[in-house]
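Student: Handing over entry.pdb, PDB, C-alpha atoms.
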ATOM      1  CA  MET A  16     -58.850-169.793 -13.855  1.00  0.00           C
ATOM      2  CA  ARG A  17     -61.849-167.912 -12.498  1.00  0.00           C
ATOM      3  CA  ILE A  18     -63.047-168.255  -8.900  1.00  0.00           C
ATOM      4  CA  ILE A  19     -66.704-167.296  -8.589  1.00  0.00           C
ATOM      5  CA  PRO A  20     -68.400-167.126  -5.170  1.00  0.00           C
ATOM      6  CA  VAL A  21     -72.056-168.085  -4.987  1.00  0.00           C
ATOM      7  CA  ILE A  22     -75.117-166.477  -3.423  1.00  0.00           C
ATOM      8  CA  ASP A  23     -78.290-168.558  -3.005  1.00  0.00           C
ATOM      9  CA  LEU A  24     -81.309-166.319  -2.422  1.00  0.00           C
ATOM     10  CA  LEU A  25     -84.425-167.760  -0.786  1.00  0.00           C
ATOM     11  CA  ASN A  26     -87.119-165.681   0.893  1.00  0.00           C
ATOM     12  CA  SER A  27     -84.945-162.714  -0.136  1.00  0.00           C
ATOM     13  CA  ILE A  28     -82.033-163.666   2.139  1.00  0.00           C
ATOM     14  CA  VAL A  29     -78.855-165.677   1.569  1.00  0.00           C
ATOM     15  CA  VAL A  30     -79.238-169.333   2.519  1.00  0.00           C
ATOM     16  CA  HIS A  31     -76.817-172.229   2.913  1.00  0.00           C
ATOM     17  CA  ALA A  32     -77.435-174.696   0.083  1.00  0.00           C
ATOM     18  CA  ILE A  33     -76.861-178.370   0.861  1.00  0.00           C
ATOM     19  CA  ALA A  34     -77.360-181.270  -1.569  1.00  0.00           C
ATOM     20  CA  GLY A  35     -80.193-179.559  -3.454  1.00  0.00           C
ATOM     21  CA  LYS A  36     -82.648-180.221  -0.571  1.00  0.00           C
ATOM     22  CA  ARG A  37     -84.134-176.755  -0.735  1.00  0.00           C
ATOM     23  CA  GLU A  38     -86.825-177.361   1.866  1.00  0.00           C
ATOM     24  CA  THR A  39     -84.010-177.651   4.459  1.00  0.00           C
ATOM     25  CA  TYR A  40     -82.016-174.569   3.452  1.00  0.00           C
ATOM     26  CA  SER A  41     -81.430-172.260   6.417  1.00  0.00           C
ATOM     27  CA  PRO A  42     -80.142-168.666   6.667  1.00  0.00           C
ATOM     28  CA  LEU A  43     -76.439-168.413   5.937  1.00  0.00           C
ATOM     29  CA  PHE A  44     -73.863-168.325   8.694  1.00  0.00           C
ATOM     30  CA  SER A  45     -70.473-167.327   7.315  1.00  0.00           C
ATOM     31  CA  VAL A  46     -67.042-166.576   8.740  1.00  0.00           C
ATOM     32  CA  LEU A  47     -66.959-163.677   6.252  1.00  0.00           C
ATOM     33  CA  ILE A  48     -69.837-161.782   7.852  1.00  0.00           C
ATOM     34  CA  LYS A  49     -71.096-162.176  11.401  1.00  0.00           C
ATOM     35  CA  ASP A  50     -74.785-162.750  12.124  1.00  0.00           C
ATOM     36  CA  SER A  51     -76.075-161.644   8.748  1.00  0.00           C
ATOM     37  CA  SER A  52     -77.701-163.254   5.725  1.00  0.00           C
ATOM     38  CA  ASP A  53     -78.034-159.937   3.876  1.00  0.00           C
ATOM     39  CA  PRO A  54     -76.908-160.352   0.231  1.00  0.00           C
ATOM     40  CA  ILE A  55     -75.548-156.790   0.072  1.00  0.00           C
ATOM     41  CA  LYS A  56     -73.296-157.351   3.103  1.00  0.00           C
ATOM     42  CA  LEU A  57     -72.115-160.681   1.716  1.00  0.00           C
ATOM     43  CA  ILE A  58     -71.175-159.136  -1.633  1.00  0.00           C
ATOM     44  CA  GLU A  59     -69.286-156.384   0.186  1.00  0.00           C
ATOM     45  CA  ALA A  60     -67.340-159.111   2.019  1.00  0.00           C
ATOM     46  CA  TYR A  61     -66.717-161.068  -1.176  1.00  0.00           C
ATOM     47  CA  ILE A  62     -65.252-157.984  -2.858  1.00  0.00           C
ATOM     48  CA  GLU A  63     -63.256-156.703   0.117  1.00  0.00           C
ATOM     49  CA  LYS A  64     -61.902-160.018   1.449  1.00  0.00           C
ATOM     50  CA  LEU A  65     -61.626-162.134  -1.716  1.00  0.00           C
ATOM     51  CA  SER A  66     -61.035-159.479  -4.411  1.00  0.00           C
ATOM     52  CA  VAL A  67     -63.426-161.252  -6.790  1.00  0.00           C
ATOM     53  CA  SER A  68     -64.753-159.569  -9.921  1.00  0.00           C
ATOM     54  CA  GLU A  69     -67.809-161.755 -10.525  1.00  0.00           C
ATOM     55  CA  ILE A  70     -70.556-163.403  -8.476  1.00  0.00           C
ATOM     56  CA  TYR A  71     -73.028-166.179  -9.253  1.00  0.00           C
ATOM     57  CA  ILE A  72     -76.553-165.620  -7.918  1.00  0.00           C
ATOM     58  CA  ALA A  73     -79.130-168.405  -7.818  1.00  0.00           C
ATOM     59  CA  ASP A  74     -82.514-166.760  -7.266  1.00  0.00           C
ATOM     60  CA  LEU A  75     -84.354-169.667  -5.647  1.00  0.00           C
ATOM     61  CA  ASP A  76     -87.464-167.541  -5.101  1.00  0.00           C
ATOM     62  CA  SER A  77     -87.658-167.166  -8.869  1.00  0.00           C
ATOM     63  CA  ILE A  78     -86.745-170.806  -9.553  1.00  0.00           C
ATOM     64  CA  LEU A  79     -89.186-172.304  -7.029  1.00  0.00           C
ATOM     65  CA  LYS A  80     -91.977-169.751  -6.748  1.00  0.00           C
ATOM     66  CA  ASN A  81     -91.702-167.557  -9.858  1.00  0.00           C
ATOM     67  CA  THR A  82     -91.232-164.516  -7.589  1.00  0.00           C
ATOM     68  CA  PRO A  83     -87.826-163.127  -8.600  1.00  0.00           C
ATOM     69  CA  ASN A  84     -85.915-160.821  -6.276  1.00  0.00           C
ATOM     70  CA  LEU A  85     -85.796-158.089  -8.907  1.00  0.00           C
ATOM     71  CA  ASP A  86     -85.402-155.203  -6.463  1.00  0.00           C
ATOM     72  CA  ILE A  87     -82.487-156.881  -4.688  1.00  0.00           C
ATOM     73  CA  ILE A  88     -80.760-157.730  -7.964  1.00  0.00           C
ATOM     74  CA  LYS A  89     -81.270-154.208  -9.341  1.00  0.00           C
ATOM     75  CA  ASN A  90     -79.853-152.821  -6.087  1.00  0.00           C
ATOM     76  CA  ILE A  91     -76.788-155.065  -6.394  1.00  0.00           C
ATOM     77  CA  ILE A  92     -76.222-153.930  -9.977  1.00  0.00           C
ATOM     78  CA  ASN A  93     -76.532-150.254  -8.966  1.00  0.00           C
ATOM     79  CA  ILE A  94     -74.222-150.509  -5.952  1.00  0.00           C
ATOM     80  CA  PHE A  95     -71.427-152.779  -7.163  1.00  0.00           C
ATOM     81  CA  ASP A  96     -69.104-152.668 -10.146  1.00  0.00           C
ATOM     82  CA  ILE A  97     -69.001-156.437 -10.492  1.00  0.00           C
ATOM     83  CA  ASP A  98     -70.134-159.012 -13.031  1.00  0.00           C
ATOM     84  CA  ILE A  99     -73.357-160.800 -12.114  1.00  0.00           C
ATOM     85  CA  LEU A 100     -74.084-164.338 -13.314  1.00  0.00           C
ATOM     86  CA  LEU A 101     -77.785-164.880 -12.617  1.00  0.00           C
ATOM     87  CA  ASP A 102     -79.811-168.085 -12.621  1.00  0.00           C
ATOM     88  CA  PRO A 103     -83.457-167.046 -12.221  1.00  0.00           C
ATOM     89  CA  GLY A 104     -84.971-170.367 -13.326  1.00  0.00           C
ATOM     90  CA  ILE A 105     -85.665-169.503 -16.966  1.00  0.00           C
ATOM     91  CA  LYS A 106     -88.494-171.646 -18.361  1.00  0.00           C
ATOM     92  CA  SER A 107     -89.898-169.833 -21.399  1.00  0.00           C
ATOM     93  CA  GLU A 108     -89.244-167.060 -23.895  1.00  0.00           C
ATOM     94  CA  GLN A 109     -91.439-164.786 -21.774  1.00  0.00           C
ATOM     95  CA  ASP A 110     -88.965-165.259 -18.913  1.00  0.00           C
ATOM     96  CA  LEU A 111     -86.103-164.245 -21.198  1.00  0.00           C
ATOM     97  CA  TRP A 112     -87.661-160.873 -21.925  1.00  0.00           C
ATOM     98  CA  LYS A 113     -88.331-160.333 -18.208  1.00  0.00           C
ATOM     99  CA  PHE A 114     -84.580-160.341 -17.538  1.00  0.00           C
ATOM    100  CA  TYR A 115     -83.395-158.819 -20.817  1.00  0.00           C
ATOM    101  CA  GLU A 116     -83.153-155.232 -19.563  1.00  0.00           C
ATOM    102  CA  LEU A 117     -82.131-156.013 -15.989  1.00  0.00           C
ATOM    103  CA  GLY A 118     -78.473-155.229 -16.685  1.00  0.00           C
ATOM    104  CA  ILE A 119     -76.876-158.494 -15.594  1.00  0.00           C
ATOM    105  CA  ASN A 120     -73.673-159.588 -17.303  1.00  0.00           C
ATOM    106  CA  LYS A 121     -74.529-163.257 -17.803  1.00  0.00           C
ATOM    107  CA  LEU A 122     -77.896-165.017 -17.852  1.00  0.00           C
ATOM    108  CA  ILE A 123     -77.816-168.663 -16.853  1.00  0.00           C
ATOM    109  CA  LEU A 124     -80.206-171.168 -18.396  1.00  0.00           C
ATOM    110  CA  GLY A 125     -80.477-174.271 -16.233  1.00  0.00           C
ATOM    111  CA  THR A 126     -81.542-177.675 -17.546  1.00  0.00           C
ATOM    112  CA  GLU A 127     -83.573-178.052 -14.356  1.00  0.00           C
ATOM    113  CA  THR A 128     -86.053-175.403 -15.526  1.00  0.00           C
ATOM    114  CA  ILE A 129     -85.864-174.851 -19.314  1.00  0.00           C
ATOM    115  CA  LEU A 130     -88.698-176.606 -21.120  1.00  0.00           C
ATOM    116  CA  SER A 131     -87.018-177.182 -24.483  1.00  0.00           C
ATOM    117  CA  MET A 132     -83.890-176.664 -26.580  1.00  0.00           C
ATOM    118  CA  LYS A 133     -85.745-173.864 -28.341  1.00  0.00           C
ATOM    119  CA  ILE A 134     -85.401-171.683 -25.225  1.00  0.00           C
ATOM    120  CA  ILE A 135     -81.612-171.819 -25.609  1.00  0.00           C
ATOM    121  CA  GLU A 136     -81.841-170.806 -29.269  1.00  0.00           C
ATOM    122  CA  ASN A 137     -84.212-167.955 -28.366  1.00  0.00           C
ATOM    123  CA  ALA A 138     -81.871-166.756 -25.615  1.00  0.00           C
ATOM    124  CA  LEU A 139     -78.956-166.607 -28.034  1.00  0.00           C
ATOM    125  CA  ASP A 140     -81.100-164.543 -30.419  1.00  0.00           C
ATOM    126  CA  ILE A 141     -82.280-162.118 -27.726  1.00  0.00           C
ATOM    127  CA  PHE A 142     -79.013-161.740 -25.814  1.00  0.00           C
ATOM    128  CA  LYS A 143     -75.478-161.528 -27.100  1.00  0.00           C
ATOM    129  CA  GLN A 144     -73.906-164.956 -27.386  1.00  0.00           C
ATOM    130  CA  ARG A 145     -71.328-164.243 -24.683  1.00  0.00           C
ATOM    131  CA  ASP A 146     -74.094-163.250 -22.254  1.00  0.00           C
ATOM    132  CA  ILE A 147     -75.581-166.766 -22.104  1.00  0.00           C
ATOM    133  CA  ILE A 148     -74.297-169.625 -19.939  1.00  0.00           C
ATOM    134  CA  VAL A 149     -76.016-173.011 -19.877  1.00  0.00           C
ATOM    135  CA  SER A 150     -75.998-174.838 -16.550  1.00  0.00           C
ATOM    136  CA  ILE A 151     -76.074-178.612 -16.802  1.00  0.00           C
ATOM    137  CA  ASP A 152     -77.898-179.421 -13.576  1.00  0.00           C
ATOM    138  CA  LEU A 153     -77.277-182.919 -12.325  1.00  0.00           C
ATOM    139  CA  LYS A 154     -78.178-185.094  -9.382  1.00  0.00           C
ATOM    140  CA  LYS A 155     -75.809-188.036  -8.911  1.00  0.00           C
ATOM    141  CA  ASN A 156     -74.700-187.509 -12.512  1.00  0.00           C
ATOM    142  CA  LYS A 157     -78.237-187.721 -13.913  1.00  0.00           C
ATOM    143  CA  LEU A 158     -79.522-184.738 -15.894  1.00  0.00           C
ATOM    144  CA  LEU A 159     -82.165-182.764 -14.019  1.00  0.00           C
ATOM    145  CA  THR A 160     -84.849-181.687 -16.474  1.00  0.00           C
ATOM    146  CA  GLN A 161     -88.598-181.340 -16.945  1.00  0.00           C
ATOM    147  CA  SER A 162     -88.207-181.584 -20.712  1.00  0.00           C
ATOM    148  CA  GLN A 163     -88.940-184.814 -22.565  1.00  0.00           C
ATOM    149  CA  GLU A 164     -86.618-183.542 -25.288  1.00  0.00           C
ATOM    150  CA  LEU A 165     -83.664-183.461 -22.887  1.00  0.00           C
ATOM    151  CA  LYS A 166     -84.514-186.391 -20.635  1.00  0.00           C
ATOM    152  CA  ASN A 167     -82.602-189.068 -22.516  1.00  0.00           C
ATOM    153  CA  LEU A 168     -79.537-186.975 -23.345  1.00  0.00           C
ATOM    154  CA  SER A 169     -76.252-187.512 -21.533  1.00  0.00           C
ATOM    155  CA  PRO A 170     -74.505-184.331 -20.347  1.00  0.00           C
ATOM    156  CA  PHE A 171     -71.859-184.826 -23.053  1.00  0.00           C
ATOM    157  CA  HIS A 172     -74.390-185.187 -25.907  1.00  0.00           C
ATOM    158  CA  PHE A 173     -76.361-182.239 -24.556  1.00  0.00           C
ATOM    159  CA  ILE A 174     -73.211-180.098 -24.756  1.00  0.00           C
ATOM    160  CA  LYS A 175     -72.606-181.221 -28.332  1.00  0.00           C
ATOM    161  CA  GLN A 176     -76.157-180.148 -29.241  1.00  0.00           C
ATOM    162  CA  ILE A 177     -75.981-176.692 -27.696  1.00  0.00           C
ATOM    163  CA  GLN A 178     -72.545-176.010 -29.182  1.00  0.00           C
ATOM    164  CA  LYS A 179     -74.233-176.176 -32.577  1.00  0.00           C
ATOM    165  CA  PHE A 180     -76.465-173.275 -31.486  1.00  0.00           C
ATOM    166  CA  GLY A 181     -73.435-171.178 -30.502  1.00  0.00           C
ATOM    167  CA  VAL A 182     -73.287-171.720 -26.718  1.00  0.00           C
ATOM    168  CA  SER A 183     -69.684-171.135 -25.649  1.00  0.00           C
ATOM    169  CA  GLU A 184     -69.799-171.593 -21.863  1.00  0.00           C
ATOM    170  CA  VAL A 185     -71.306-174.307 -19.654  1.00  0.00           C
ATOM    171  CA  ILE A 186     -71.582-174.956 -15.921  1.00  0.00           C
ATOM    172  CA  LEU A 187     -71.365-178.544 -14.674  1.00  0.00           C
ATOM    173  CA  LEU A 188     -73.303-178.521 -11.391  1.00  0.00           C
ATOM    174  CA  ASP A 189     -74.129-181.678  -9.446  1.00  0.00           C
ATOM    175  CA  LEU A 190     -76.650-180.603  -6.811  1.00  0.00           C
ATOM    176  CA  SER A 191     -76.054-183.754  -4.769  1.00  0.00           C
ATOM    177  CA  ARG A 192     -72.477-182.492  -4.162  1.00  0.00           C
ATOM    178  CA  VAL A 193     -73.408-178.896  -3.281  1.00  0.00           C
ATOM    179  CA  GLY A 194     -72.452-178.039   0.283  1.00  0.00           C
ATOM    180  CA  LYS A 195     -71.187-181.566   0.964  1.00  0.00           C
ATOM    181  CA  LYS A 196     -67.402-180.920   0.724  1.00  0.00           C
ATOM    182  CA  THR A 197     -66.860-184.285  -0.950  1.00  0.00           C
ATOM    183  CA  GLY A 198     -63.724-183.108  -2.755  1.00  0.00           C
ATOM    184  CA  ASN A 199     -62.171-184.306  -6.001  1.00  0.00           C
ATOM    185  CA  ILE A 200     -63.626-183.947  -9.498  1.00  0.00           C
ATOM    186  CA  PRO A 201     -66.306-186.382 -10.712  1.00  0.00           C
ATOM    187  CA  ARG A 202     -64.937-188.784 -13.328  1.00  0.00           C
ATOM    188  CA  GLU A 203     -67.779-187.833 -15.681  1.00  0.00           C
ATOM    189  CA  PHE A 204     -66.733-184.164 -15.514  1.00  0.00           C
ATOM    190  CA  LEU A 205     -63.186-185.103 -16.451  1.00  0.00           C
ATOM    191  CA  GLU A 206     -64.441-187.165 -19.393  1.00  0.00           C
ATOM    192  CA  ILE A 207     -66.422-184.174 -20.654  1.00  0.00           C
ATOM    193  CA  ARG A 208     -63.382-181.911 -20.191  1.00  0.00           C
ATOM    194  CA  ASN A 209     -61.211-184.321 -22.178  1.00  0.00           C
ATOM    195  CA  ASN A 210     -63.665-184.544 -25.068  1.00  0.00           C
ATOM    196  CA  THR A 211     -64.817-180.981 -25.655  1.00  0.00           C
ATOM    197  CA  GLU A 212     -63.206-177.577 -26.145  1.00  0.00           C
ATOM    198  CA  ILE A 213     -66.100-175.588 -24.658  1.00  0.00           C
ATOM    199  CA  SER A 214     -65.456-173.357 -21.647  1.00  0.00           C
ATOM    200  CA  LEU A 215     -66.448-175.358 -18.544  1.00  0.00           C
ATOM    201  CA  LEU A 216     -67.168-174.041 -15.065  1.00  0.00           C
ATOM    202  CA  ILE A 217     -67.528-176.589 -12.272  1.00  0.00           C
ATOM    203  CA  GLY A 218     -69.580-176.385  -9.073  1.00  0.00           C
ATOM    204  CA  GLY A 219     -70.423-178.531  -6.069  1.00  0.00           C
ATOM    205  CA  GLY A 220     -68.371-180.474  -3.545  1.00  0.00           C
ATOM    206  CA  ILE A 221     -65.311-178.210  -3.248  1.00  0.00           C
ATOM    207  CA  LYS A 222     -63.532-179.162  -0.013  1.00  0.00           C
ATOM    208  CA  ASP A 223     -60.357-177.097   0.179  1.00  0.00           C
ATOM    209  CA  PHE A 224     -57.907-175.030  -1.840  1.00  0.00           C
ATOM    210  CA  ASN A 225     -56.220-178.155  -3.209  1.00  0.00           C
ATOM    211  CA  ASP A 226     -59.478-178.919  -5.021  1.00  0.00           C
ATOM    212  CA  ILE A 227     -59.207-175.564  -6.772  1.00  0.00           C
ATOM    213  CA  LEU A 228     -55.670-176.378  -7.880  1.00  0.00           C
ATOM    214  CA  LYS A 229     -56.837-179.767  -9.211  1.00  0.00           C
ATOM    215  CA  ILE A 230     -59.647-178.102 -11.148  1.00  0.00           C
ATOM    216  CA  GLU A 231     -57.131-175.676 -12.664  1.00  0.00           C
ATOM    217  CA  LYS A 232     -54.779-178.549 -13.518  1.00  0.00           C
ATOM    218  CA  TYR A 233     -57.482-180.223 -15.606  1.00  0.00           C
ATOM    219  CA  ASN A 234     -58.118-177.024 -17.588  1.00  0.00           C
ATOM    220  CA  PHE A 235     -61.571-176.106 -16.337  1.00  0.00           C
ATOM    221  CA  SER A 236     -62.328-172.427 -16.914  1.00  0.00           C
ATOM    222  CA  GLY A 237     -63.634-171.660 -13.449  1.00  0.00           C
ATOM    223  CA  VAL A 238     -65.054-172.879 -10.164  1.00  0.00           C
ATOM    224  CA  LEU A 239     -68.171-171.933  -8.175  1.00  0.00           C
ATOM    225  CA  LEU A 240     -67.614-171.719  -4.415  1.00  0.00           C
ATOM    226  CA  ALA A 241     -69.744-171.232  -1.318  1.00  0.00           C
ATOM    227  CA  THR A 242     -69.618-173.663   1.640  1.00  0.00           C
ATOM    228  CA  ALA A 243     -65.813-174.042   1.787  1.00  0.00           C
ATOM    229  CA  ILE A 244     -65.497-170.250   1.995  1.00  0.00           C
ATOM    230  CA  HIS A 245     -68.248-169.765   4.575  1.00  0.00           C
ATOM    231  CA  GLU A 246     -66.931-172.520   6.841  1.00  0.00           C
ATOM    232  CA  GLY A 247     -63.357-171.230   6.649  1.00  0.00           C
ATOM    233  CA  LEU A 248     -61.996-174.309   4.866  1.00  0.00           C
ATOM    234  CA  ILE A 249     -60.659-172.018   2.138  1.00  0.00           C
ATOM    235  CA  LYS A 250     -59.157-168.817   3.516  1.00  0.00           C
ATOM    236  CA  PRO A 251     -60.031-165.479   1.916  1.00  0.00           C
ATOM    237  CA  GLN A 252     -56.325-164.674   1.528  1.00  0.00           C
ATOM    238  CA  GLN A 253     -55.799-167.863  -0.501  1.00  0.00           C
ATOM    239  CA  ILE A 254     -58.421-166.743  -3.008  1.00  0.00           C
ATOM    240  CA  LYS A 255     -57.179-163.155  -3.057  1.00  0.00           C
ATOM    241  CA  ASN A 256     -53.569-164.245  -3.655  1.00  0.00           C
ATOM    242  CA  TYR A 257     -54.617-166.666  -6.385  1.00  0.00           C
ATOM    243  CA  LEU A 258     -56.718-164.085  -8.232  1.00  0.00           C
ATOM    244  CA  LEU A 259     -54.046-161.394  -7.965  1.00  0.00           C
ATOM    245  CA  SER A 260     -51.390-163.771  -9.308  1.00  0.00           C
ATOM    246  CA  SER A 261     -53.726-164.717 -12.157  1.00  0.00           C
ATOM    247  CA  LEU A 262     -54.136-161.041 -13.042  1.00  0.00           C
ATOM    248  CA  ARG A 263     -50.367-160.600 -13.158  1.00  0.00           C
ATOM    249  CA  VAL A 264     -50.078-163.577 -15.508  1.00  0.00           C
ATOM    250  CA  ILE A 265     -52.761-162.107 -17.807  1.00  0.00           C
ATOM    251  CA  LYS A 266     -50.971-158.757 -17.910  1.00  0.00           C
TER     252      LYS A 266
END
Could you write out this file's structure as structure tokens?
Tutor:
Amino acid sequence: MRIIPVIDLLNSIVVHAIAGKRETYSPLFSVLIKDSSDPIKLIEAYIEKLSVSEIYIADLDSILKNTPNLDIIKNIINIFDIDILLDPGIKSEQDLWKFYELGINKLILGTETILSMKIIENALDIFKQRDIIVSIDLKKNKLLTQSQELKNLSPFHFIKQIQKFGVSEVILLDLSRVGKKTGNIPREFLEIRNNTEISLLIGGGIKDFNDILKIEKYNFSGVLLATAIHEGLIKPQQIKNYLLSSLRVIK
């Protein structure tokens, strides 16, 4: 199973995301790096201390203000040999072309921002199929969306729809759980896992390393992590050992 650390960018620095209340997000304090909220330094720490090969970046400046951190993201791509999963708050086809030549490995389309199903179809046409991930953004298990087309869909029925387009990977992200260390896996996530074969990543509420083992046990494809790492609840060596053992299994 994949372990993917998260970077939330706001005002061009890394912030600590809690419960989706973005107006309260403050600069990151992490046991991995002292007195810094510089995304470059955090990625260096992620690579050196965790041995990860991919990073999820939520560009909140792009999502909230339509002012993407393009220079920072380009710099990250140029410096690091690592896969970047980027959520820049895609709304329209015009946004898709803006990020087409950026050089990221995976573009994330979040239900919170996309305005219609058509955007997902367009993304699959413009990008390679494997380069698109759809994030099912939830708050207390209710789909976050501005689209009337999506508003009445359950997460499960939404997945069934986008599978028909060719989407092969989905993130289940409950913003009300982000940064809260609530632990366990939401029952609704388990129901989706039990009723679909699509690759599922899970994010929000991770409390400790036992949560990661539970997520693996239920055959999720990966987990997004931030707070538990930064607060030292999950030790870097635990992640490094897990990822190295996974590589040995693959070989």
Student: When the PyMOL selection byres ((chain A and resi 230) around 10) is applied to the file above, which residues end up in the set, as a ChimeraX atom specification?
Tutor: /A:16,199-200,205,216-217,221,224-229,231-238
Student: Calculated over all atoms listed in the file, which of the candidates A:Val67, A:Ile213, A:Leu101, A:Val21 has the smallest distance to A:Gln252?
Tutor: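 Checking each of A:Val67, A:Ile213, A:Leu101, A:Val21 against A:Gln252, counting all atoms listed in the file, the winner is A:Val67.
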Student: Got a sec: who's within 10 Å of stretch 127-138 of chain A, counting all atoms listed in the file, leaving out chain neighbours fewer than 2 positions off, as a PyMOL selection string?
Tutor: chain A and resi 78-79+103-112+115+122-125+140-144+146-153+158-165+173+176-177+179-182
Student: Please enumerate the residues selected by the PyMOL selection byres ((chain A and resi 35) around 8) when evaluated against the supplied file, formatted as a tab-separated table (two decimals) with C-alpha atoms, keeping the file's coordinate frame.
Tutor:
chain	number	residue	atom	x	y	z
A	32	ALA	CA	-77.44	-174.70	0.08
A	33	ILE	CA	-76.86	-178.37	0.86
A	34	ALA	CA	-77.36	-181.27	-1.57
A	36	LYS	CA	-82.65	-180.22	-0.57
A	37	ARG	CA	-84.13	-176.76	-0.74
A	190	LEU	CA	-76.65	-180.60	-6.81
A	191	SER	CA	-76.05	-183.75	-4.77
A	193	VAL	CA	-73.41	-178.90	-3.28
Student: Quick one, how far is atom CA of A:Asn156 from atom CA of A:Glu38?
Tutor: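 Computing it gives 21.4 Å between the two atoms.
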Student: One number please: atom CA of A:Pro83 to atom CA of A:Ile174, in Å, one decimal.
Tutor: 27.6 Å
Student: What separation in Å, quoted to one decimal, exists between atom CA of A:Ile186 and atom CA of A:Arg145?
Tutor: 13.8 Å
Student: Return as JSON lines the residues of stretch 55-150 of chain A lying at most 12 Å from stretch 40-45 of chain A, together with the closest atom-to-atom pair for each and the distance in Å to one decimal, counting all atoms listed in the file, with rows in chain order and ascending residue number.
Tutor:
{"residue": "A:Lys56", "atom": "CA", "partner": "A:Ser45", "partner_atom": "CA", "distance": 11.2}
{"residue": "A:Leu57", "atom": "CA", "partner": "A:Ser45", "partner_atom": "CA", "distance": 8.8}
{"residue": "A:Ala60", "atom": "CA", "partner": "A:Ser45", "partner_atom": "CA", "distance": 10.3}
{"residue": "A:Tyr61", "atom": "CA", "partner": "A:Ser45", "partner_atom": "CA", "distance": 11.2}
{"residue": "A:Leu75", "atom": "CA", "partner": "A:Tyr40", "partner_atom": "CA", "distance": 10.6}
Student: Restrict the selected residues to C-alpha atoms and save them as a PDB file, in the frame of the given file.
Tutor:
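File produced: result-v3.pdb:
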ATOM      1  CA  LYS A  56     -73.296-157.351   3.103  1.00  0.00           C
ATOM      2  CA  LEU A  57     -72.115-160.681   1.716  1.00  0.00           C
ATOM      3  CA  ALA A  60     -67.340-159.111   2.019  1.00  0.00           C
ATOM      4  CA  TYR A  61     -66.717-161.068  -1.176  1.00  0.00           C
ATOM      5  CA  LEU A  75     -84.354-169.667  -5.647  1.00  0.00           C
TER       6      LEU A  75
END
Student: Closest to A:Ala243 among A:Lys113, A:Lys155, A:Lys64, A:His31, using all atoms listed in the file?
Tutor: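 Nearest to A:Ala243: A:His31.
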Student: Tell me, as an MDAnalysis selection string, which residues lie within 8 Å of A:Pro54, counting all atoms listed in the file; anything in the same chain fewer than 6 positions away does not count.
Tutor: chainID A and resid 22 24 28:29
Student: Around all the atoms of stretch 31-42 of chain A listed in the file, draw an axis-aligned box and extend it by 6 Å on each of the six sides; I want its centre and edge lengths in Å to one decimal, as lines of an AutoDock Vina configuration file.
Tutor:
center_x = -81.8
center_y = -175.0
center_z = 1.6
size_x = 22.0
size_y = 24.6
size_z = 22.1
Student: Which residue gives the smallest distance to A:Glu212 among A:Glu59, A:Glu184, A:Asp189, A:Asp53, with only C-alpha atoms counted?
Tutor: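 Ranking A:Glu59, A:Glu184, A:Asp189, A:Asp53 by distance to A:Glu212, first place goes to A:Glu184.
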Student: Considering all atoms listed in the file, can you say which of A:Glu69, A:Ser27, A:Ser51, A:Glu63 comes closest to A:Lys255?
Tutor: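 When distances to A:Lys255 are compared using all atoms listed in the file, the smallest one comes from A:Glu63.
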Student: Hey, what comes out of the PyMOL selection byres ((chain A and resi 239) around 6) on this file? Could you write it as an MDAnalysis selection string?
Tutor: chainID A and resid 19:20 218 238 240
Student: Given the selection you just returned, output its residues as a file containing C-alpha atoms, formatted as a CSV table (one decimal), in the frame of the given file.
Tutor:
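Saved to result07.csv:
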chain,number,residue,atom,x,y,z
A,19,ILE,CA,-66.7,-167.3,-8.6
A,20,PRO,CA,-68.4,-167.1,-5.2
A,218,GLY,CA,-69.6,-176.4,-9.1
A,238,VAL,CA,-65.1,-172.9,-10.2
A,240,LEU,CA,-67.6,-171.7,-4.4
Student: Using only C-alpha atoms and a cutoff of 6 Å, can you tell me which residues are near (-76.2, -185.8, -18.4) in the file's coordinates, and write them out as a compact mmCIF listing (two decimals) with C-alpha atoms, keeping the file's coordinate frame?
Tutor:
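The resulting point.txt:
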# COMPACT_ATOMS: atom_id res chain seq x y z
CA LYS A 157 -78.24 -187.72 -13.91
CA LEU A 158 -79.52 -184.74 -15.89
CA SER A 169 -76.25 -187.51 -21.53
CA PRO A 170 -74.50 -184.33 -20.35
Student: Counting all atoms listed in the file, which residue out of A:Leu25, A:Lys175, A:Ile18, A:Thr126 sits closest to A:Ile244?
Tutor: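 When distances to A:Ile244 are compared using all atoms listed in the file, the smallest one comes from A:Ile18.
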Student: Starting from the incomplete input, reconstruct N, CA and C atoms of stretch 43-48 of chain A and report them as a CSV table (one decimal), keeping the file's coordinate frame.
Tutor:
chain,number,residue,atom,x,y,z
A,43,LEU,N,-77.9,-168.2,6.0
A,43,LEU,CA,-76.4,-168.4,5.9
A,43,LEU,C,-75.8,-167.9,7.2
A,44,PHE,N,-74.8,-168.8,7.7
A,44,PHE,CA,-73.9,-168.3,8.7
A,44,PHE,C,-72.5,-168.4,8.1
A,45,SER,N,-71.7,-167.3,8.0
A,45,SER,CA,-70.5,-167.3,7.3
A,45,SER,C,-69.4,-166.7,8.2
A,46,VAL,N,-68.2,-167.2,8.0
A,46,VAL,CA,-67.0,-166.6,8.7
A,46,VAL,C,-66.7,-165.2,8.1
A,47,LEU,N,-67.2,-165.0,6.9
A,47,LEU,CA,-67.0,-163.7,6.3
A,47,LEU,C,-67.8,-162.5,6.8
A,48,ILE,N,-69.0,-162.8,7.3
A,48,ILE,CA,-69.8,-161.8,7.9
A,48,ILE,C,-70.5,-162.4,9.1
